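Containing mmCIF, N, CA and C atoms: entry-v2.cif.
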data_coords
loop_
_atom_site.label_atom_id
_atom_site.label_comp_id
_atom_site.auth_asym_id
_atom_site.auth_seq_id
_atom_site.Cartn_x
_atom_site.Cartn_y
_atom_site.Cartn_z
N MET A 1 178.40 -95.64 33.95
CA MET A 1 178.28 -96.31 32.68
C MET A 1 179.08 -97.61 32.70
N ILE A 2 178.42 -98.73 32.43
CA ILE A 2 179.09 -100.03 32.43
C ILE A 2 179.66 -100.30 31.04
N LEU A 3 180.97 -100.55 30.99
CA LEU A 3 181.62 -100.82 29.73
C LEU A 3 181.61 -102.29 29.37
N TYR A 4 181.57 -103.14 30.39
CA TYR A 4 181.58 -104.58 30.15
C TYR A 4 180.98 -105.31 31.35
N LYS A 5 180.70 -106.60 31.17
CA LYS A 5 180.14 -107.43 32.24
C LYS A 5 181.24 -108.35 32.78
N THR A 6 181.30 -108.48 34.09
CA THR A 6 182.27 -109.37 34.73
C THR A 6 181.62 -110.01 35.95
N VAL A 7 182.37 -110.82 36.67
CA VAL A 7 181.84 -111.45 37.88
C VAL A 7 182.05 -110.54 39.08
N LYS A 8 181.14 -110.64 40.05
CA LYS A 8 181.20 -109.77 41.24
C LYS A 8 182.29 -110.19 42.21
N GLU A 9 182.46 -111.50 42.39
CA GLU A 9 183.39 -111.99 43.43
C GLU A 9 183.90 -113.38 43.11
N LYS A 10 184.88 -113.82 43.88
CA LYS A 10 185.36 -115.19 43.75
C LYS A 10 184.26 -116.15 44.18
N SER A 11 184.24 -117.33 43.55
CA SER A 11 183.26 -118.33 43.94
C SER A 11 183.78 -119.73 43.66
N VAL A 12 183.12 -120.69 44.29
CA VAL A 12 183.39 -122.11 44.05
C VAL A 12 182.04 -122.80 43.96
N ALA A 13 181.88 -123.64 42.95
CA ALA A 13 180.66 -124.42 42.79
C ALA A 13 181.05 -125.84 42.41
N GLU A 14 180.31 -126.80 42.89
CA GLU A 14 180.66 -128.20 42.68
C GLU A 14 179.44 -128.99 42.24
N GLN A 15 179.69 -129.96 41.37
CA GLN A 15 178.64 -130.90 40.99
C GLN A 15 179.26 -132.25 40.65
N ILE A 16 178.45 -133.29 40.78
CA ILE A 16 178.87 -134.65 40.45
C ILE A 16 178.14 -135.03 39.17
N ILE A 17 178.89 -135.48 38.17
CA ILE A 17 178.31 -135.94 36.91
C ILE A 17 178.90 -137.31 36.60
N GLU A 18 178.04 -138.31 36.57
CA GLU A 18 178.47 -139.69 36.29
C GLU A 18 179.68 -140.09 37.15
N LYS A 19 179.59 -139.82 38.42
CA LYS A 19 180.59 -140.16 39.43
C LYS A 19 181.86 -139.31 39.37
N SER A 20 182.00 -138.42 38.39
CA SER A 20 183.13 -137.50 38.35
C SER A 20 182.75 -136.24 39.11
N ARG A 21 183.70 -135.72 39.87
CA ARG A 21 183.48 -134.50 40.65
C ARG A 21 184.06 -133.31 39.90
N PHE A 22 183.22 -132.33 39.60
CA PHE A 22 183.63 -131.12 38.90
C PHE A 22 183.51 -129.94 39.86
N ILE A 23 184.62 -129.21 40.02
CA ILE A 23 184.65 -128.05 40.93
C ILE A 23 185.05 -126.83 40.11
N ALA A 24 184.15 -125.86 40.01
CA ALA A 24 184.44 -124.63 39.26
C ALA A 24 184.94 -123.57 40.22
N HIS A 25 186.10 -123.02 39.94
CA HIS A 25 186.70 -121.93 40.70
C HIS A 25 186.66 -120.70 39.80
N VAL A 26 186.01 -119.64 40.26
CA VAL A 26 185.84 -118.43 39.45
C VAL A 26 186.43 -117.24 40.20
N SER A 27 187.13 -116.36 39.46
CA SER A 27 187.70 -115.17 40.08
C SER A 27 187.70 -114.00 39.11
N PRO A 28 187.31 -112.82 39.60
CA PRO A 28 187.50 -111.63 38.77
C PRO A 28 188.99 -111.32 38.71
N ILE A 29 189.48 -110.88 37.56
CA ILE A 29 190.90 -110.54 37.42
C ILE A 29 191.03 -109.22 36.65
N GLU A 30 192.18 -108.57 36.85
CA GLU A 30 192.47 -107.31 36.16
C GLU A 30 193.68 -107.41 35.25
N SER A 31 194.41 -108.54 35.33
CA SER A 31 195.60 -108.71 34.49
C SER A 31 195.85 -110.18 34.21
N LYS A 32 196.64 -110.44 33.17
CA LYS A 32 196.99 -111.82 32.83
C LYS A 32 197.80 -112.45 33.96
N ALA A 33 198.68 -111.67 34.59
CA ALA A 33 199.49 -112.18 35.70
C ALA A 33 198.60 -112.60 36.87
N GLU A 34 197.56 -111.82 37.14
CA GLU A 34 196.62 -112.16 38.21
C GLU A 34 195.90 -113.48 37.88
N GLY A 35 195.52 -113.66 36.62
CA GLY A 35 194.89 -114.91 36.19
C GLY A 35 195.83 -116.08 36.31
N GLU A 36 197.07 -115.90 35.88
CA GLU A 36 198.06 -116.97 35.97
C GLU A 36 198.32 -117.37 37.42
N ALA A 37 198.34 -116.40 38.33
CA ALA A 37 198.54 -116.70 39.75
C ALA A 37 197.35 -117.48 40.31
N PHE A 38 196.14 -117.11 39.90
CA PHE A 38 194.93 -117.82 40.34
C PHE A 38 194.96 -119.27 39.84
N ILE A 39 195.32 -119.47 38.58
CA ILE A 39 195.41 -120.82 38.01
C ILE A 39 196.46 -121.64 38.77
N ALA A 40 197.62 -121.07 39.02
CA ALA A 40 198.69 -121.78 39.74
C ALA A 40 198.23 -122.16 41.15
N ASP A 41 197.50 -121.27 41.81
CA ASP A 41 196.99 -121.54 43.15
C ASP A 41 196.02 -122.72 43.14
N ILE A 42 195.10 -122.75 42.20
CA ILE A 42 194.12 -123.84 42.11
C ILE A 42 194.84 -125.15 41.77
N ARG A 43 195.79 -125.10 40.86
CA ARG A 43 196.54 -126.33 40.51
C ARG A 43 197.31 -126.86 41.71
N ARG A 44 197.82 -125.95 42.54
CA ARG A 44 198.55 -126.35 43.75
C ARG A 44 197.59 -127.02 44.74
N LYS A 45 196.42 -126.40 44.94
CA LYS A 45 195.43 -126.94 45.88
C LYS A 45 194.87 -128.28 45.43
N HIS A 46 194.75 -128.47 44.12
CA HIS A 46 194.15 -129.69 43.58
C HIS A 46 195.15 -130.46 42.71
N ARG A 47 196.38 -130.57 43.19
CA ARG A 47 197.41 -131.24 42.40
C ARG A 47 197.12 -132.72 42.19
N ASP A 48 196.24 -133.31 43.02
CA ASP A 48 195.89 -134.72 42.87
C ASP A 48 194.69 -134.93 41.94
N ALA A 49 194.13 -133.85 41.38
CA ALA A 49 192.99 -133.94 40.48
C ALA A 49 193.40 -134.54 39.14
N THR A 50 192.45 -135.12 38.44
CA THR A 50 192.71 -135.66 37.11
C THR A 50 193.00 -134.53 36.13
N HIS A 51 192.22 -133.45 36.20
CA HIS A 51 192.39 -132.30 35.31
C HIS A 51 192.08 -131.01 36.06
N ASN A 52 192.80 -129.94 35.72
CA ASN A 52 192.51 -128.58 36.17
C ASN A 52 192.45 -127.74 34.90
N VAL A 53 191.24 -127.53 34.40
CA VAL A 53 191.05 -126.88 33.10
C VAL A 53 190.91 -125.37 33.29
N PRO A 54 191.90 -124.57 32.81
CA PRO A 54 191.88 -123.12 32.98
C PRO A 54 191.34 -122.37 31.76
N CYS A 55 190.79 -121.21 32.04
CA CYS A 55 190.28 -120.34 30.99
C CYS A 55 190.29 -118.91 31.52
N MET A 56 190.68 -117.94 30.68
CA MET A 56 190.60 -116.54 31.10
C MET A 56 190.25 -115.64 29.92
N VAL A 57 189.50 -114.58 30.24
CA VAL A 57 189.14 -113.56 29.27
C VAL A 57 189.42 -112.21 29.93
N LEU A 58 190.10 -111.33 29.21
CA LEU A 58 190.49 -110.01 29.74
C LEU A 58 190.24 -108.91 28.72
N GLY A 59 189.92 -107.74 29.23
CA GLY A 59 189.80 -106.55 28.40
C GLY A 59 188.36 -106.17 28.14
N ASP A 60 188.12 -104.87 28.00
CA ASP A 60 186.75 -104.40 27.78
C ASP A 60 186.19 -104.87 26.44
N LYS A 61 187.07 -105.26 25.53
CA LYS A 61 186.64 -105.82 24.24
C LYS A 61 187.10 -107.27 24.11
N MET A 62 187.37 -107.89 25.26
CA MET A 62 187.81 -109.30 25.32
C MET A 62 189.06 -109.55 24.47
N GLN A 63 190.03 -108.61 24.58
CA GLN A 63 191.24 -108.68 23.77
C GLN A 63 192.10 -109.90 24.08
N VAL A 64 192.11 -110.34 25.35
CA VAL A 64 192.91 -111.50 25.74
C VAL A 64 191.96 -112.66 26.01
N GLN A 65 192.13 -113.74 25.25
CA GLN A 65 191.32 -114.95 25.44
C GLN A 65 192.27 -116.14 25.43
N TRP A 66 192.18 -116.96 26.47
CA TRP A 66 193.08 -118.12 26.56
C TRP A 66 192.39 -119.24 27.30
N ALA A 67 192.58 -120.46 26.82
CA ALA A 67 192.02 -121.65 27.48
C ALA A 67 192.89 -122.86 27.15
N SER A 68 192.80 -123.87 28.01
CA SER A 68 193.52 -125.12 27.80
C SER A 68 192.60 -126.29 28.14
N ASP A 69 192.78 -127.41 27.44
CA ASP A 69 192.01 -128.62 27.75
C ASP A 69 192.67 -129.44 28.87
N ASP A 70 193.89 -129.11 29.24
CA ASP A 70 194.63 -129.78 30.32
C ASP A 70 194.53 -131.31 30.24
N GLY A 71 194.76 -131.86 29.07
CA GLY A 71 194.79 -133.31 28.93
C GLY A 71 193.47 -133.95 28.54
N GLU A 72 192.38 -133.23 28.59
CA GLU A 72 191.11 -133.76 28.09
C GLU A 72 191.19 -133.79 26.56
N PRO A 73 190.33 -134.56 25.89
CA PRO A 73 190.37 -134.56 24.42
C PRO A 73 190.24 -133.14 23.86
N ARG A 74 190.95 -132.88 22.79
CA ARG A 74 191.04 -131.53 22.21
C ARG A 74 189.66 -130.92 21.96
N GLY A 75 189.49 -129.70 22.46
CA GLY A 75 188.28 -128.94 22.23
C GLY A 75 187.08 -129.31 23.08
N THR A 76 187.29 -130.12 24.14
CA THR A 76 186.15 -130.57 24.94
C THR A 76 186.02 -129.90 26.31
N ALA A 77 187.01 -129.09 26.69
CA ALA A 77 186.99 -128.54 28.06
C ALA A 77 187.20 -127.03 28.07
N GLY A 78 188.43 -126.57 27.89
CA GLY A 78 188.74 -125.14 27.96
C GLY A 78 188.08 -124.29 26.88
N PRO A 79 188.24 -124.66 25.59
CA PRO A 79 187.62 -123.85 24.53
C PRO A 79 186.09 -123.68 24.65
N PRO A 80 185.34 -124.72 25.03
CA PRO A 80 183.89 -124.49 25.20
C PRO A 80 183.57 -123.52 26.35
N ILE A 81 184.37 -123.54 27.41
CA ILE A 81 184.17 -122.57 28.51
C ILE A 81 184.45 -121.16 27.97
N LEU A 82 185.55 -121.02 27.24
CA LEU A 82 185.91 -119.73 26.64
C LEU A 82 184.79 -119.22 25.74
N GLN A 83 184.26 -120.08 24.90
CA GLN A 83 183.17 -119.70 23.99
C GLN A 83 181.94 -119.27 24.77
N MET A 84 181.62 -119.97 25.85
CA MET A 84 180.47 -119.62 26.68
C MET A 84 180.65 -118.23 27.30
N LEU A 85 181.87 -117.92 27.77
CA LEU A 85 182.15 -116.61 28.35
C LEU A 85 181.99 -115.50 27.31
N VAL A 86 182.57 -115.70 26.14
CA VAL A 86 182.50 -114.70 25.07
C VAL A 86 181.05 -114.50 24.63
N ASN A 87 180.32 -115.59 24.44
CA ASN A 87 178.92 -115.49 24.03
C ASN A 87 178.06 -114.81 25.08
N SER A 88 178.44 -114.95 26.36
CA SER A 88 177.70 -114.31 27.46
C SER A 88 178.15 -112.87 27.69
N GLY A 89 179.25 -112.47 27.03
CA GLY A 89 179.75 -111.11 27.19
C GLY A 89 180.45 -110.87 28.51
N ILE A 90 181.00 -111.92 29.11
CA ILE A 90 181.67 -111.81 30.41
C ILE A 90 183.18 -111.75 30.19
N THR A 91 183.81 -110.72 30.78
CA THR A 91 185.25 -110.54 30.63
C THR A 91 185.89 -110.26 32.00
N ASN A 92 187.21 -110.10 32.00
CA ASN A 92 187.99 -109.90 33.24
C ASN A 92 187.67 -110.99 34.26
N VAL A 93 187.75 -112.22 33.79
CA VAL A 93 187.42 -113.37 34.63
C VAL A 93 188.39 -114.52 34.32
N CYS A 94 188.67 -115.29 35.36
CA CYS A 94 189.47 -116.50 35.22
C CYS A 94 188.68 -117.64 35.85
N ILE A 95 188.60 -118.74 35.15
CA ILE A 95 187.88 -119.92 35.65
C ILE A 95 188.81 -121.12 35.54
N VAL A 96 188.82 -121.93 36.59
CA VAL A 96 189.50 -123.22 36.55
C VAL A 96 188.47 -124.26 36.99
N VAL A 97 188.19 -125.22 36.11
CA VAL A 97 187.28 -126.31 36.47
C VAL A 97 188.14 -127.53 36.74
N THR A 98 188.09 -127.99 37.98
CA THR A 98 188.84 -129.15 38.44
C THR A 98 187.97 -130.39 38.29
N ARG A 99 188.56 -131.47 37.76
CA ARG A 99 187.82 -132.73 37.63
C ARG A 99 188.56 -133.85 38.33
N TYR A 100 187.81 -134.55 39.17
CA TYR A 100 188.28 -135.80 39.76
C TYR A 100 187.50 -136.90 39.05
N PHE A 101 188.19 -137.69 38.23
CA PHE A 101 187.56 -138.71 37.40
C PHE A 101 186.89 -139.78 38.25
N GLY A 102 185.65 -140.09 37.91
CA GLY A 102 184.88 -141.06 38.69
C GLY A 102 184.78 -142.43 38.08
N GLY A 103 185.46 -142.67 36.95
CA GLY A 103 185.48 -144.01 36.38
C GLY A 103 184.55 -144.22 35.20
N ILE A 104 183.70 -143.24 34.90
CA ILE A 104 182.79 -143.35 33.76
C ILE A 104 183.17 -142.31 32.72
N LYS A 105 183.47 -142.77 31.50
CA LYS A 105 183.81 -141.83 30.43
C LYS A 105 182.55 -141.12 29.96
N LEU A 106 182.66 -139.81 29.72
CA LEU A 106 181.51 -138.99 29.36
C LEU A 106 181.36 -138.80 27.86
N GLY A 107 182.37 -139.09 27.07
CA GLY A 107 182.33 -138.82 25.64
C GLY A 107 182.56 -137.33 25.40
N THR A 108 182.79 -136.97 24.15
CA THR A 108 183.12 -135.57 23.86
C THR A 108 181.96 -134.63 24.18
N GLY A 109 180.76 -134.97 23.78
CA GLY A 109 179.60 -134.12 24.08
C GLY A 109 179.35 -134.00 25.57
N GLY A 110 179.52 -135.10 26.28
CA GLY A 110 179.34 -135.10 27.74
C GLY A 110 180.36 -134.23 28.44
N LEU A 111 181.61 -134.27 27.94
CA LEU A 111 182.65 -133.43 28.53
C LEU A 111 182.36 -131.95 28.31
N VAL A 112 181.95 -131.59 27.10
CA VAL A 112 181.62 -130.19 26.81
C VAL A 112 180.50 -129.73 27.74
N ARG A 113 179.44 -130.52 27.87
CA ARG A 113 178.32 -130.15 28.75
C ARG A 113 178.75 -130.07 30.21
N ALA A 114 179.57 -131.00 30.66
CA ALA A 114 180.02 -131.02 32.05
C ALA A 114 180.89 -129.81 32.39
N TYR A 115 181.86 -129.50 31.53
CA TYR A 115 182.75 -128.37 31.81
C TYR A 115 182.04 -127.03 31.69
N THR A 116 181.25 -126.83 30.63
CA THR A 116 180.56 -125.55 30.50
C THR A 116 179.48 -125.40 31.56
N GLY A 117 178.80 -126.50 31.89
CA GLY A 117 177.78 -126.45 32.94
C GLY A 117 178.37 -126.11 34.29
N SER A 118 179.53 -126.69 34.58
CA SER A 118 180.20 -126.40 35.86
C SER A 118 180.67 -124.95 35.91
N ALA A 119 181.24 -124.45 34.80
CA ALA A 119 181.68 -123.05 34.75
C ALA A 119 180.50 -122.11 34.92
N LYS A 120 179.38 -122.43 34.27
CA LYS A 120 178.17 -121.60 34.37
C LYS A 120 177.67 -121.58 35.81
N LEU A 121 177.70 -122.72 36.48
CA LEU A 121 177.29 -122.81 37.87
C LEU A 121 178.17 -121.90 38.73
N GLY A 122 179.49 -121.92 38.49
CA GLY A 122 180.41 -121.05 39.22
C GLY A 122 180.12 -119.57 38.99
N ILE A 123 179.80 -119.21 37.75
CA ILE A 123 179.47 -117.82 37.43
C ILE A 123 178.16 -117.42 38.12
N ASP A 124 177.18 -118.33 38.14
CA ASP A 124 175.92 -118.03 38.80
C ASP A 124 176.12 -117.76 40.28
N VAL A 125 177.02 -118.53 40.92
CA VAL A 125 177.32 -118.33 42.35
C VAL A 125 178.04 -116.99 42.56
N ALA A 126 178.98 -116.67 41.68
CA ALA A 126 179.75 -115.42 41.79
C ALA A 126 178.87 -114.20 41.51
N GLY A 127 177.91 -114.36 40.62
CA GLY A 127 177.09 -113.23 40.20
C GLY A 127 177.82 -112.37 39.19
N THR A 128 177.08 -111.64 38.39
CA THR A 128 177.70 -110.75 37.41
C THR A 128 177.28 -109.31 37.66
N LYS A 129 178.12 -108.41 37.19
CA LYS A 129 177.82 -106.98 37.32
C LYS A 129 178.18 -106.26 36.06
#

Would you put the structure from the file into structure tokens?
Amino acid sequence: MILYKTVKEKSVAEQIIEKSRFIAHVSPIESKAEGEAFIADIRRKHRDATHNVPCMVLGDKMQVQWASDDGEPRGTAGPPILQMLVNSGITNVCIVVTRYFGGIKLGTGGLVRAYTGSAKLGIDVAGTK
């Protein structure tokens, strides 16, 4: 009996949007500490990135939900990823979307589409169970 939906495995997916490089890092997690360690690892690997936007959802009823915009305009990066995960019913997952700025501003709507699209691409690569 499946109590909740989560990702099958770690994954990385990348796309270029208006010259900016977006890299989605996805990992299944079982605890907040595991998520925090995954976020720290990605930030270490991509410390030269413009942004490393983290998001995590934990618990069979999604009791723990956390996201950050990491310097992007408020509500344009982490929260939309979090909302997409909750709406999709995916839990016990941590996602970090890394952005290397390409010189073209995307606007608020463009940022929301870029971050959620990149996260969705990462989830598609990881697969769900």

Kindly resolve the PyMOL selection byres ((chain A and resi 96) around 7) on the present coordinates and return the residues as a list in words.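 Applied to this file, the PyMOL selection byres ((chain A and resi 96) around 7) returns Ile23, Ala24, His25, Val26, Ser27, Ile39, Asn52, Val53, Pro54, Cys55, Cys94, Ile95, Val97 and Thr98 of chain A.
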
Please identify which residues in chain A DSSP calls helix (DSSP H, G or I) from the backbone, and express them as a compact mmCIF listing (two decimals) with N, CA and C atoms, in the frame of the given file.
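File written: states03.txt
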# COMPACT_ATOMS: atom_id res chain seq x y z
N LYS A 32 196.64 -110.44 33.17
CA LYS A 32 196.99 -111.82 32.83
C LYS A 32 197.80 -112.45 33.96
N ALA A 33 198.68 -111.67 34.59
CA ALA A 33 199.49 -112.18 35.70
C ALA A 33 198.60 -112.60 36.87
N GLU A 34 197.56 -111.82 37.14
CA GLU A 34 196.62 -112.16 38.21
C GLU A 34 195.90 -113.48 37.88
N GLY A 35 195.52 -113.66 36.62
CA GLY A 35 194.89 -114.91 36.19
C GLY A 35 195.83 -116.08 36.31
N GLU A 36 197.07 -115.90 35.88
CA GLU A 36 198.06 -116.97 35.97
C GLU A 36 198.32 -117.37 37.42
N ALA A 37 198.34 -116.40 38.33
CA ALA A 37 198.54 -116.70 39.75
C ALA A 37 197.35 -117.48 40.31
N PHE A 38 196.14 -117.11 39.90
CA PHE A 38 194.93 -117.82 40.34
C PHE A 38 194.96 -119.27 39.84
N ILE A 39 195.32 -119.47 38.58
CA ILE A 39 195.41 -120.82 38.01
C ILE A 39 196.46 -121.64 38.77
N ALA A 40 197.62 -121.07 39.02
CA ALA A 40 198.69 -121.78 39.74
C ALA A 40 198.23 -122.16 41.15
N ASP A 41 197.50 -121.27 41.81
CA ASP A 41 196.99 -121.54 43.15
C ASP A 41 196.02 -122.72 43.14
N ILE A 42 195.10 -122.75 42.20
CA ILE A 42 194.12 -123.84 42.11
C ILE A 42 194.84 -125.15 41.77
N ARG A 43 195.79 -125.10 40.86
CA ARG A 43 196.54 -126.33 40.51
C ARG A 43 197.31 -126.86 41.71
N ARG A 44 197.82 -125.95 42.54
CA ARG A 44 198.55 -126.35 43.75
C ARG A 44 197.59 -127.02 44.74
N LYS A 45 196.42 -126.40 44.94
CA LYS A 45 195.43 -126.94 45.88
C LYS A 45 194.87 -128.28 45.43
N GLY A 78 188.43 -126.57 27.89
CA GLY A 78 188.74 -125.14 27.96
C GLY A 78 188.08 -124.29 26.88
N PRO A 79 188.24 -124.66 25.59
CA PRO A 79 187.62 -123.85 24.53
C PRO A 79 186.09 -123.68 24.65
N PRO A 80 185.34 -124.72 25.03
CA PRO A 80 183.89 -124.49 25.20
C PRO A 80 183.57 -123.52 26.35
N ILE A 81 184.37 -123.54 27.41
CA ILE A 81 184.17 -122.57 28.51
C ILE A 81 184.45 -121.16 27.97
N LEU A 82 185.55 -121.02 27.24
CA LEU A 82 185.91 -119.73 26.64
C LEU A 82 184.79 -119.22 25.74
N GLN A 83 184.26 -120.08 24.90
CA GLN A 83 183.17 -119.70 23.99
C GLN A 83 181.94 -119.27 24.77
N MET A 84 181.62 -119.97 25.85
CA MET A 84 180.47 -119.62 26.68
C MET A 84 180.65 -118.23 27.30
N LEU A 85 181.87 -117.92 27.77
CA LEU A 85 182.15 -116.61 28.35
C LEU A 85 181.99 -115.50 27.31
N VAL A 86 182.57 -115.70 26.14
CA VAL A 86 182.50 -114.70 25.07
C VAL A 86 181.05 -114.50 24.63
N ASN A 87 180.32 -115.59 24.44
CA ASN A 87 178.92 -115.49 24.03
C ASN A 87 178.06 -114.81 25.08
N SER A 88 178.44 -114.95 26.36
CA SER A 88 177.70 -114.31 27.46
C SER A 88 178.15 -112.87 27.69
N GLY A 107 182.37 -139.09 27.07
CA GLY A 107 182.33 -138.82 25.64
C GLY A 107 182.56 -137.33 25.40
N THR A 108 182.79 -136.97 24.15
CA THR A 108 183.12 -135.57 23.86
C THR A 108 181.96 -134.63 24.18
N GLY A 109 180.76 -134.97 23.78
CA GLY A 109 179.60 -134.12 24.08
C GLY A 109 179.35 -134.00 25.57
N GLY A 110 179.52 -135.10 26.28
CA GLY A 110 179.34 -135.10 27.74
C GLY A 110 180.36 -134.23 28.44
N LEU A 111 181.61 -134.27 27.94
CA LEU A 111 182.65 -133.43 28.53
C LEU A 111 182.36 -131.95 28.31
N VAL A 112 181.95 -131.59 27.10
CA VAL A 112 181.62 -130.19 26.81
C VAL A 112 180.50 -129.73 27.74
N ARG A 113 179.44 -130.52 27.87
CA ARG A 113 178.32 -130.15 28.75
C ARG A 113 178.75 -130.07 30.21
N ALA A 114 179.57 -131.00 30.66
CA ALA A 114 180.02 -131.02 32.05
C ALA A 114 180.89 -129.81 32.39
N TYR A 115 181.86 -129.50 31.53
CA TYR A 115 182.75 -128.37 31.81
C TYR A 115 182.04 -127.03 31.69
N THR A 116 181.25 -126.83 30.63
CA THR A 116 180.56 -125.55 30.50
C THR A 116 179.48 -125.40 31.56
N GLY A 117 178.80 -126.50 31.89
CA GLY A 117 177.78 -126.45 32.94
C GLY A 117 178.37 -126.11 34.29
N SER A 118 179.53 -126.69 34.58
CA SER A 118 180.20 -126.40 35.86
C SER A 118 180.67 -124.95 35.91
N ALA A 119 181.24 -124.45 34.80
CA ALA A 119 181.68 -123.05 34.75
C ALA A 119 180.50 -122.11 34.92
N LYS A 120 179.38 -122.43 34.27
CA LYS A 120 178.17 -121.60 34.37
C LYS A 120 177.67 -121.58 35.81
N LEU A 121 177.70 -122.72 36.48
CA LEU A 121 177.29 -122.81 37.87
C LEU A 121 178.17 -121.90 38.73
N GLY A 122 179.49 -121.92 38.49
CA GLY A 122 180.41 -121.05 39.22
C GLY A 122 180.12 -119.57 38.99
N ILE A 123 179.80 -119.21 37.75
CA ILE A 123 179.47 -117.82 37.43
C ILE A 123 178.16 -117.42 38.12
N ASP A 124 177.18 -118.33 38.14
CA ASP A 124 175.92 -118.03 38.80
C ASP A 124 176.12 -117.76 40.28
N VAL A 125 177.02 -118.53 40.92
CA VAL A 125 177.32 -118.33 42.35
C VAL A 125 178.04 -116.99 42.56
N ALA A 126 178.98 -116.67 41.68
CA ALA A 126 179.75 -115.42 41.79
C ALA A 126 178.87 -114.20 41.51

Could you tell me how far atom CA of Ile17 of chain A sits from atom CA of Gly127 of chain A, in Å to one decimal place? 23.0 Å

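Compared by their closest atoms to Met84 of chain A, and using all atoms listed in the file, the residues A:Thr116, A:Ile42, A:Val125, A:Gly109 rank with A:Thr116 nearest.
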
Taking the file above as input, evaluate the PyMOL selection byres (((chain A and resi 108 and name CA) around 12) and name CA) and report the hits as number ranges by chain. A: 69, 72-77, 80, 105-107, 109-115

Residue subset to file, keeping N, CA and C atoms, as a compact mmCIF listing (two decimals), in the coordinates of the input:
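Saved as selection_38.txt:
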# COMPACT_ATOMS: atom_id res chain seq x y z
N ASP A 69 192.78 -127.41 27.44
CA ASP A 69 192.01 -128.62 27.75
C ASP A 69 192.67 -129.44 28.87
N GLU A 72 192.38 -133.23 28.59
CA GLU A 72 191.11 -133.76 28.09
C GLU A 72 191.19 -133.79 26.56
N PRO A 73 190.33 -134.56 25.89
CA PRO A 73 190.37 -134.56 24.42
C PRO A 73 190.24 -133.14 23.86
N ARG A 74 190.95 -132.88 22.79
CA ARG A 74 191.04 -131.53 22.21
C ARG A 74 189.66 -130.92 21.96
N GLY A 75 189.49 -129.70 22.46
CA GLY A 75 188.28 -128.94 22.23
C GLY A 75 187.08 -129.31 23.08
N THR A 76 187.29 -130.12 24.14
CA THR A 76 186.15 -130.57 24.94
C THR A 76 186.02 -129.90 26.31
N ALA A 77 187.01 -129.09 26.69
CA ALA A 77 186.99 -128.54 28.06
C ALA A 77 187.20 -127.03 28.07
N PRO A 80 185.34 -124.72 25.03
CA PRO A 80 183.89 -124.49 25.20
C PRO A 80 183.57 -123.52 26.35
N LYS A 105 183.47 -142.77 31.50
CA LYS A 105 183.81 -141.83 30.43
C LYS A 105 182.55 -141.12 29.96
N LEU A 106 182.66 -139.81 29.72
CA LEU A 106 181.51 -138.99 29.36
C LEU A 106 181.36 -138.80 27.86
N GLY A 107 182.37 -139.09 27.07
CA GLY A 107 182.33 -138.82 25.64
C GLY A 107 182.56 -137.33 25.40
N GLY A 109 180.76 -134.97 23.78
CA GLY A 109 179.60 -134.12 24.08
C GLY A 109 179.35 -134.00 25.57
N GLY A 110 179.52 -135.10 26.28
CA GLY A 110 179.34 -135.10 27.74
C GLY A 110 180.36 -134.23 28.44
N LEU A 111 181.61 -134.27 27.94
CA LEU A 111 182.65 -133.43 28.53
C LEU A 111 182.36 -131.95 28.31
N VAL A 112 181.95 -131.59 27.10
CA VAL A 112 181.62 -130.19 26.81
C VAL A 112 180.50 -129.73 27.74
N ARG A 113 179.44 -130.52 27.87
CA ARG A 113 178.32 -130.15 28.75
C ARG A 113 178.75 -130.07 30.21
N ALA A 114 179.57 -131.00 30.66
CA ALA A 114 180.02 -131.02 32.05
C ALA A 114 180.89 -129.81 32.39
N TYR A 115 181.86 -129.50 31.53
CA TYR A 115 182.75 -128.37 31.81
C TYR A 115 182.04 -127.03 31.69

Which polymer residues have any atom within 6 Å of an atom of Arg21 of chain A, counting only C-alpha atoms, with same-chain residues fewer than 3 positions away left out, as a list in words?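 Non-adjacent residues within range: Ile16, Arg99 and Tyr100 of chain A.
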
Got a sec: who's within 8 Å of Val57 of chain A, counting only C-alpha atoms, leaving out chain neighbours fewer than 4 positions off, as a ChimeraX atom specification? /A:62-66,82,85-86,90-94

Dump N, CA and C atoms for the selected residues as a CSV table (one decimal), keeping the file's coordinate frame?
chain,number,residue,atom,x,y,z
A,62,MET,N,187.4,-107.9,25.3
A,62,MET,CA,187.8,-109.3,25.3
A,62,MET,C,189.1,-109.6,24.5
A,63,GLN,N,190.0,-108.6,24.6
A,63,GLN,CA,191.2,-108.7,23.8
A,63,GLN,C,192.1,-109.9,24.1
A,64,VAL,N,192.1,-110.3,25.4
A,64,VAL,CA,192.9,-111.5,25.7
A,64,VAL,C,192.0,-112.7,26.0
A,65,GLN,N,192.1,-113.7,25.2
A,65,GLN,CA,191.3,-115.0,25.4
A,65,GLN,C,192.3,-116.1,25.4
A,66,TRP,N,192.2,-117.0,26.5
A,66,TRP,CA,193.1,-118.1,26.6
A,66,TRP,C,192.4,-119.2,27.3
A,82,LEU,N,185.6,-121.0,27.2
A,82,LEU,CA,185.9,-119.7,26.6
A,82,LEU,C,184.8,-119.2,25.7
A,85,LEU,N,181.9,-117.9,27.8
A,85,LEU,CA,182.2,-116.6,28.4
A,85,LEU,C,182.0,-115.5,27.3
A,86,VAL,N,182.6,-115.7,26.1
A,86,VAL,CA,182.5,-114.7,25.1
A,86,VAL,C,181.0,-114.5,24.6
A,90,ILE,N,181.0,-111.9,29.1
A,90,ILE,CA,181.7,-111.8,30.4
A,90,ILE,C,183.2,-111.8,30.2
A,91,THR,N,183.8,-110.7,30.8
A,91,THR,CA,185.2,-110.5,30.6
A,91,THR,C,185.9,-110.3,32.0
A,92,ASN,N,187.2,-110.1,32.0
A,92,ASN,CA,188.0,-109.9,33.2
A,92,ASN,C,187.7,-111.0,34.3
A,93,VAL,N,187.8,-112.2,33.8
A,93,VAL,CA,187.4,-113.4,34.6
A,93,VAL,C,188.4,-114.5,34.3
A,94,CYS,N,188.7,-115.3,35.4
A,94,CYS,CA,189.5,-116.5,35.2
A,94,CYS,C,188.7,-117.6,35.8

When DSSP works through the backbone of this structure, what residues of segment 30-111 of chain A end up as strand (DSSP E), shown as number ranges by chain? A: 51-58, 64-67, 93-100
